[in-house]
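Novice: I have a structure here, written as structure tokens, and I will follow up with some questions on it.
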Amino acid sequence: MKPFRFQQFDIQQNADVFRVGTDAVLLGALANVSEAKKVLEIGTGTGIVSLMLAQRNPEAKILAIDINSEAVNISQTNFINSPFSDRIKSQLQDLKNFETEEKFDLIISNPPYFEINSSEKDILARQRLELNFSDLIKKSSQLLSENGLFTVIIPIDSEKEFTEICFNNNLFLQRKVIIKGIKTSEPKRLVLEYSFKNSEAKIENFVIEKSPRVYSDEYLELTKDFHQFTKKPL
């Protein structure tokens, strides 16, 4: 499988690990990482999100965990071959059993969001088999620093459930980015940012393509420091 090439790093991929996709690129580019010195990525896959965050914040030290040993191997390879190898590492870890004295300024995840089903494609990455929303949120609330941010990308129809679970774990919505694939389409994804601070959430809208196969100006601006192309979408 061909590597996915960015301006400052390459992403090696294989058939046993969830490939680079638009959700991960959006999460890596939209997440607020400016104040984060310690970052935890849950379910790193190829490592693309962690690498994007490392590029955006040269002071961030990032731990990327995954339950899939193949994901850990390929992400660690991608980290070692990147310009950020001294600040980023991958670790084989089930979040439910993860114990550390550290608190993280940013916890970020592109979590499995499908209910358990009969599909055999990317089961661990796509289905809530090993990690459901409740486990993800509860553990993240325990690992998050006092002023930290918990950031995810999920389908829009999962927002109510996700935010209610966060509320029950003292995490409050700070920012919501409503994402449309095409300008004329209904939104399908949300980037959601939570913290322990109970305040009014900031709402943003984001369009990936202004027409089929034509990127919006905002997408091109958002990813200008990453993508090597300017016209064709992922």
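Identifiers in this document derive from the order of the structure tokens: chains are assigned A, B, ..., residues are numbered from 1 separately in each chain, and ligands are numbered from 1 in order of occurrence.
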Compile a residue-level contact table for segment 98-184 of chain A against segment 26-36 of chain A at a cut-off of 10 Å, reporting for every qualifying residue the shortest atom pair and its distance in Å to one decimal, with only C-alpha atoms counted, rows ordered by chain and ascending number, as CSV.

Specialist:
residue,atom,partner,partner_atom,distance
A:Phe104,CA,A:Ala36,CA,7.9
A:Asp105,CA,A:Ala36,CA,4.9
A:Leu106,CA,A:Ala36,CA,5.8
A:Ile107,CA,A:Ala36,CA,9.5
A:Ile108,CA,A:Ala31,CA,8.2
A:Ser109,CA,A:Leu27,CA,8.3
A:Asn110,CA,A:Leu27,CA,7.5
A:Asn147,CA,A:Glu35,CA,9.8
A:Gly148,CA,A:Ala36,CA,7.8
A:Leu149,CA,A:Asn32,CA,8.1
A:Phe150,CA,A:Ala31,CA,9.5
A:Thr151,CA,A:Ala31,CA,6.8
A:Val152,CA,A:Leu27,CA,7.2
A:Ile153,CA,A:Leu27,CA,6.3
A:Ile154,CA,A:Leu27,CA,9.9
A:Arg175,CA,A:Asn32,CA,9.8
A:Val177,CA,A:Leu30,CA,8.5
A:Ile179,CA,A:Leu26,CA,9.2

Novice: With a distance cut-off of 10 Å and only C-alpha atoms, select the neighbouring residues of Leu173 of chain A, excluding the residue or stretch itself and same-chain residues fewer than 4 positions from it, and output the selection as a list in words.

Specialist: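 The filter keeps Leu149, Phe150, Thr151, Thr163, Glu164, Cys166, Phe167, Leu192, Glu193, Tyr194, Ser195, Phe196, Lys197, Asn198, Ser199, Glu200, Ala201 and Lys202 of chain A.
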
Novice: Generate the output file for the selected residues, C-alpha atoms, as a PDB file, in the first residue's frame.

Specialist:
ATOM      1  CA  LEU A 149      -9.252  19.830  26.457  1.00  0.00           C
ATOM      2  CA  PHE A 150     -10.858  16.590  25.334  1.00  0.00           C
ATOM      3  CA  THR A 151     -11.397  16.637  21.565  1.00  0.00           C
ATOM      4  CA  THR A 163     -22.403  15.071  25.193  1.00  0.00           C
ATOM      5  CA  GLU A 164     -24.708  13.553  27.812  1.00  0.00           C
ATOM      6  CA  CYS A 166     -19.478  13.886  28.981  1.00  0.00           C
ATOM      7  CA  PHE A 167     -21.827  15.921  31.175  1.00  0.00           C
ATOM      8  CA  LEU A 192     -16.305  18.493  19.596  1.00  0.00           C
ATOM      9  CA  GLU A 193     -14.138  20.028  22.298  1.00  0.00           C
ATOM     10  CA  TYR A 194     -14.877  19.554  26.018  1.00  0.00           C
ATOM     11  CA  SER A 195     -13.328  20.749  29.264  1.00  0.00           C
ATOM     12  CA  PHE A 196     -14.124  20.944  32.978  1.00  0.00           C
ATOM     13  CA  LYS A 197     -15.167  24.570  32.494  1.00  0.00           C
ATOM     14  CA  ASN A 198     -18.927  25.067  32.296  1.00  0.00           C
ATOM     15  CA  SER A 199     -19.344  27.876  29.773  1.00  0.00           C
ATOM     16  CA  GLU A 200     -21.218  28.627  26.582  1.00  0.00           C
ATOM     17  CA  ALA A 201     -19.941  26.642  23.613  1.00  0.00           C
ATOM     18  CA  LYS A 202     -18.547  28.292  20.503  1.00  0.00           C
TER      19      LYS A 202
END

Novice: Counting only C-alpha atoms, what is within 12 Å of Pro83 of chain A, bar same-chain residues fewer than 4 positions away, as a list in words?

Specialist: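 Neighbouring residues, sequence-local ones excluded: Gln7, Gln8, Phe9, Asp10, Leu51, Met52, Ala54, Gln55, Pro58, Asn78, Phe79, Arg87 and Ile88 of chain A.
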
Novice: Once you have the residues from the selection above, write them out as a short mmCIF file (atom, residue, chain, number, x, y, z; two decimals), in the first residue's frame, restricted to all heavy atoms.

Specialist:
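Below is the file that was written, again-v4.cif:
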data_model
loop_
_atom_site.label_atom_id
_atom_site.label_comp_id
_atom_site.auth_asym_id
_atom_site.auth_seq_id
_atom_site.Cartn_x
_atom_site.Cartn_y
_atom_site.Cartn_z
N GLN A 7 3.63 17.38 3.50
CA GLN A 7 4.78 18.22 3.22
C GLN A 7 5.99 17.89 4.09
O GLN A 7 7.13 17.88 3.62
CB GLN A 7 4.41 19.70 3.40
CG GLN A 7 3.40 20.21 2.39
CD GLN A 7 3.03 21.66 2.64
OE1 GLN A 7 3.83 22.43 3.16
NE2 GLN A 7 1.82 22.03 2.28
N GLN A 8 5.74 17.61 5.39
CA GLN A 8 6.85 17.39 6.31
C GLN A 8 7.05 15.95 6.75
O GLN A 8 8.04 15.63 7.40
CB GLN A 8 6.68 18.28 7.55
CG GLN A 8 6.77 19.76 7.25
CD GLN A 8 6.88 20.60 8.52
OE1 GLN A 8 7.42 20.16 9.53
NE2 GLN A 8 6.37 21.82 8.47
N PHE A 9 6.12 15.07 6.42
CA PHE A 9 6.24 13.67 6.82
C PHE A 9 5.41 12.78 5.92
O PHE A 9 4.50 13.24 5.22
CB PHE A 9 5.83 13.48 8.29
CG PHE A 9 4.44 13.96 8.60
CD1 PHE A 9 3.33 13.15 8.40
CD2 PHE A 9 4.22 15.24 9.10
CE1 PHE A 9 2.05 13.59 8.68
CE2 PHE A 9 2.94 15.69 9.40
CZ PHE A 9 1.86 14.87 9.19
N ASP A 10 5.75 11.49 5.93
CA ASP A 10 5.00 10.48 5.18
C ASP A 10 4.29 9.56 6.16
O ASP A 10 4.76 9.32 7.27
CB ASP A 10 5.93 9.64 4.30
CG ASP A 10 6.53 10.44 3.16
OD1 ASP A 10 6.02 11.54 2.87
OD2 ASP A 10 7.52 9.96 2.57
N LEU A 51 1.01 13.20 14.46
CA LEU A 51 2.03 13.86 13.65
C LEU A 51 1.60 15.27 13.27
O LEU A 51 2.40 16.22 13.30
CB LEU A 51 2.33 13.04 12.41
CG LEU A 51 3.17 11.79 12.65
CD1 LEU A 51 3.08 10.84 11.46
CD2 LEU A 51 4.63 12.15 12.93
N MET A 52 0.34 15.45 12.94
CA MET A 52 -0.16 16.78 12.60
C MET A 52 -0.09 17.71 13.82
O MET A 52 0.30 18.87 13.70
CB MET A 52 -1.58 16.69 12.06
CG MET A 52 -1.69 16.01 10.71
SD MET A 52 -3.39 15.88 10.10
CE MET A 52 -3.73 17.59 9.65
N ALA A 54 1.97 17.42 16.35
CA ALA A 54 3.38 17.68 16.62
C ALA A 54 3.92 18.77 15.69
O ALA A 54 4.72 19.62 16.11
CB ALA A 54 4.20 16.41 16.45
N GLN A 55 3.49 18.76 14.45
CA GLN A 55 3.91 19.81 13.51
C GLN A 55 3.34 21.16 13.91
O GLN A 55 4.03 22.18 13.83
CB GLN A 55 3.45 19.46 12.09
CG GLN A 55 3.83 20.52 11.06
CD GLN A 55 3.42 20.16 9.65
OE1 GLN A 55 3.44 18.99 9.26
NE2 GLN A 55 3.03 21.15 8.86
N PRO A 58 5.33 22.89 18.30
CA PRO A 58 6.68 22.36 18.48
C PRO A 58 7.05 22.09 19.94
O PRO A 58 8.10 21.51 20.20
CB PRO A 58 7.57 23.45 17.88
CG PRO A 58 6.76 24.70 17.93
CD PRO A 58 5.34 24.26 17.76
N ASN A 78 6.26 5.52 11.58
CA ASN A 78 5.98 6.85 11.03
C ASN A 78 6.54 7.95 11.93
O ASN A 78 7.04 8.97 11.45
CB ASN A 78 4.48 7.04 10.83
CG ASN A 78 3.94 6.19 9.70
OD1 ASN A 78 4.64 5.90 8.73
ND2 ASN A 78 2.68 5.78 9.81
N PHE A 79 6.45 7.74 13.25
CA PHE A 79 6.99 8.73 14.18
C PHE A 79 8.51 8.84 14.07
O PHE A 79 9.08 9.93 14.03
CB PHE A 79 6.60 8.39 15.62
CG PHE A 79 5.13 8.40 15.89
CD1 PHE A 79 4.60 7.75 17.01
CD2 PHE A 79 4.24 9.07 15.05
CE1 PHE A 79 3.24 7.77 17.28
CE2 PHE A 79 2.87 9.08 15.31
CZ PHE A 79 2.37 8.44 16.43
N ARG A 87 9.73 13.82 20.19
CA ARG A 87 8.62 14.33 21.00
C ARG A 87 7.37 13.47 20.93
O ARG A 87 6.34 13.83 21.51
CB ARG A 87 8.25 15.75 20.55
CG ARG A 87 9.33 16.76 20.68
CD ARG A 87 8.82 18.16 20.41
NE ARG A 87 8.58 18.44 19.00
CZ ARG A 87 7.39 18.64 18.46
NH1 ARG A 87 6.30 18.56 19.20
NH2 ARG A 87 7.26 18.92 17.18
N ILE A 88 7.46 12.33 20.26
CA ILE A 88 6.25 11.57 20.00
C ILE A 88 6.56 10.08 20.02
O ILE A 88 7.56 9.64 19.47
CB ILE A 88 5.66 12.02 18.64
CG1 ILE A 88 4.33 11.37 18.34
CG2 ILE A 88 6.63 11.84 17.51
CD1 ILE A 88 3.64 11.98 17.11
#

Novice: Give the answer as one residue: which of A:Ile203, A:Ile67, A:Leu171, A:Met1 has the shortest atom-to-atom distance to Leu144 of chain A, using only C-alpha atoms?

Specialist: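 Checking each candidate against Leu144 of chain A, we get A:Leu171 as the closest.
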
Novice: With a distance cut-off of 9 Å and only C-alpha atoms, select the neighbouring residues of Lys210 of chain A, excluding the residue or stretch itself and same-chain residues fewer than 3 positions from it, and output the selection as a list in words.

Specialist: Gly181, Ile182, Lys183, Thr184, Val207, Arg213, Val214, Tyr215, Ser216 and Asp217 of chain A

Novice: Using the chain letters and numbers from this document, which residues of segment 55-187 of chain A does DSSP assign to strand (DSSP E or B), as number ranges by chain?

Specialist: A: 61-66, 88-92, 104-109, 114, 127, 144-155, 172-182

Novice: Within 9 Å of Val17 of chain A, counting only C-alpha atoms, which residues qualify if same-chain residues fewer than 3 places away don't, as a PyMOL selection string?

Specialist: chain A and resi 13-14+45-46+68+70-71+74+122+125

Novice: With DSSP run on the backbone, what are the helix (DSSP H, G or I) residues within chain A? I'd like them as a VMD selection string.

Specialist: chain A and resid 22 to 30 48 to 56 69 to 80 95 to 97 123 to 126 133 to 143 156 to 168 217 to 222

Novice: Would you pick out the contacts of Asp135 of chain A at 12 Å or less, using only C-alpha atoms, so that residues sharing its chain but fewer than 6 positions from it are not included, and give the list as a PyMOL selection string?

Specialist: chain A and resi 42+94-98+111-112+128-129+141-142+162+165-166+169

Novice: Quick check, in Å to one decimal: how far apart do atom CA of Asn57 of chain A and atom CA of Glu41 of chain A lie?

Specialist: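 Interatomic distance here is 14.5 Å.
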
Novice: Out of A:Leu220, A:Ile178, A:Val191, A:Val72, which residue has the shortest atom-to-atom distance to Gln93 of chain A when counting only C-alpha atoms?

Specialist: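 Among the listed residues, A:Val72 lies closest to Gln93 of chain A.
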
Novice: Enter the distance from atom CA of Val25 of chain A to atom CA of Ile48 of chain A, in Å, rounded to one decimal.

Specialist: 7.5 Å

Novice: Can you list, as a list of chain:residue names, every protein, DNA or RNA residue that comes within 7 Å of Ala64 of chain A when you count only C-alpha atoms, leaving out same-chain residues fewer than 6 positions away?

Specialist: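 What passes the distance filter is A:Leu40, A:Glu41, A:Ile42, A:Thr44, A:Ser50, A:Lys89, A:Ser90, A:Gln91.
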
Novice: Could you please determine the separation between atom CA of Ser145 of chain A and atom CA of Glu102 of chain A in Å, to one decimal place?

Specialist: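 Here the two named atoms are 8.6 Å from each other.
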
Novice: When distances are computed from only C-alpha atoms, which of A:Ser134, A:Thr77, A:Phe4, A:Glu209 shows the smallest separation from Gln228 of chain A?

Specialist: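 Under the stated criterion, the closest residue is A:Phe4.
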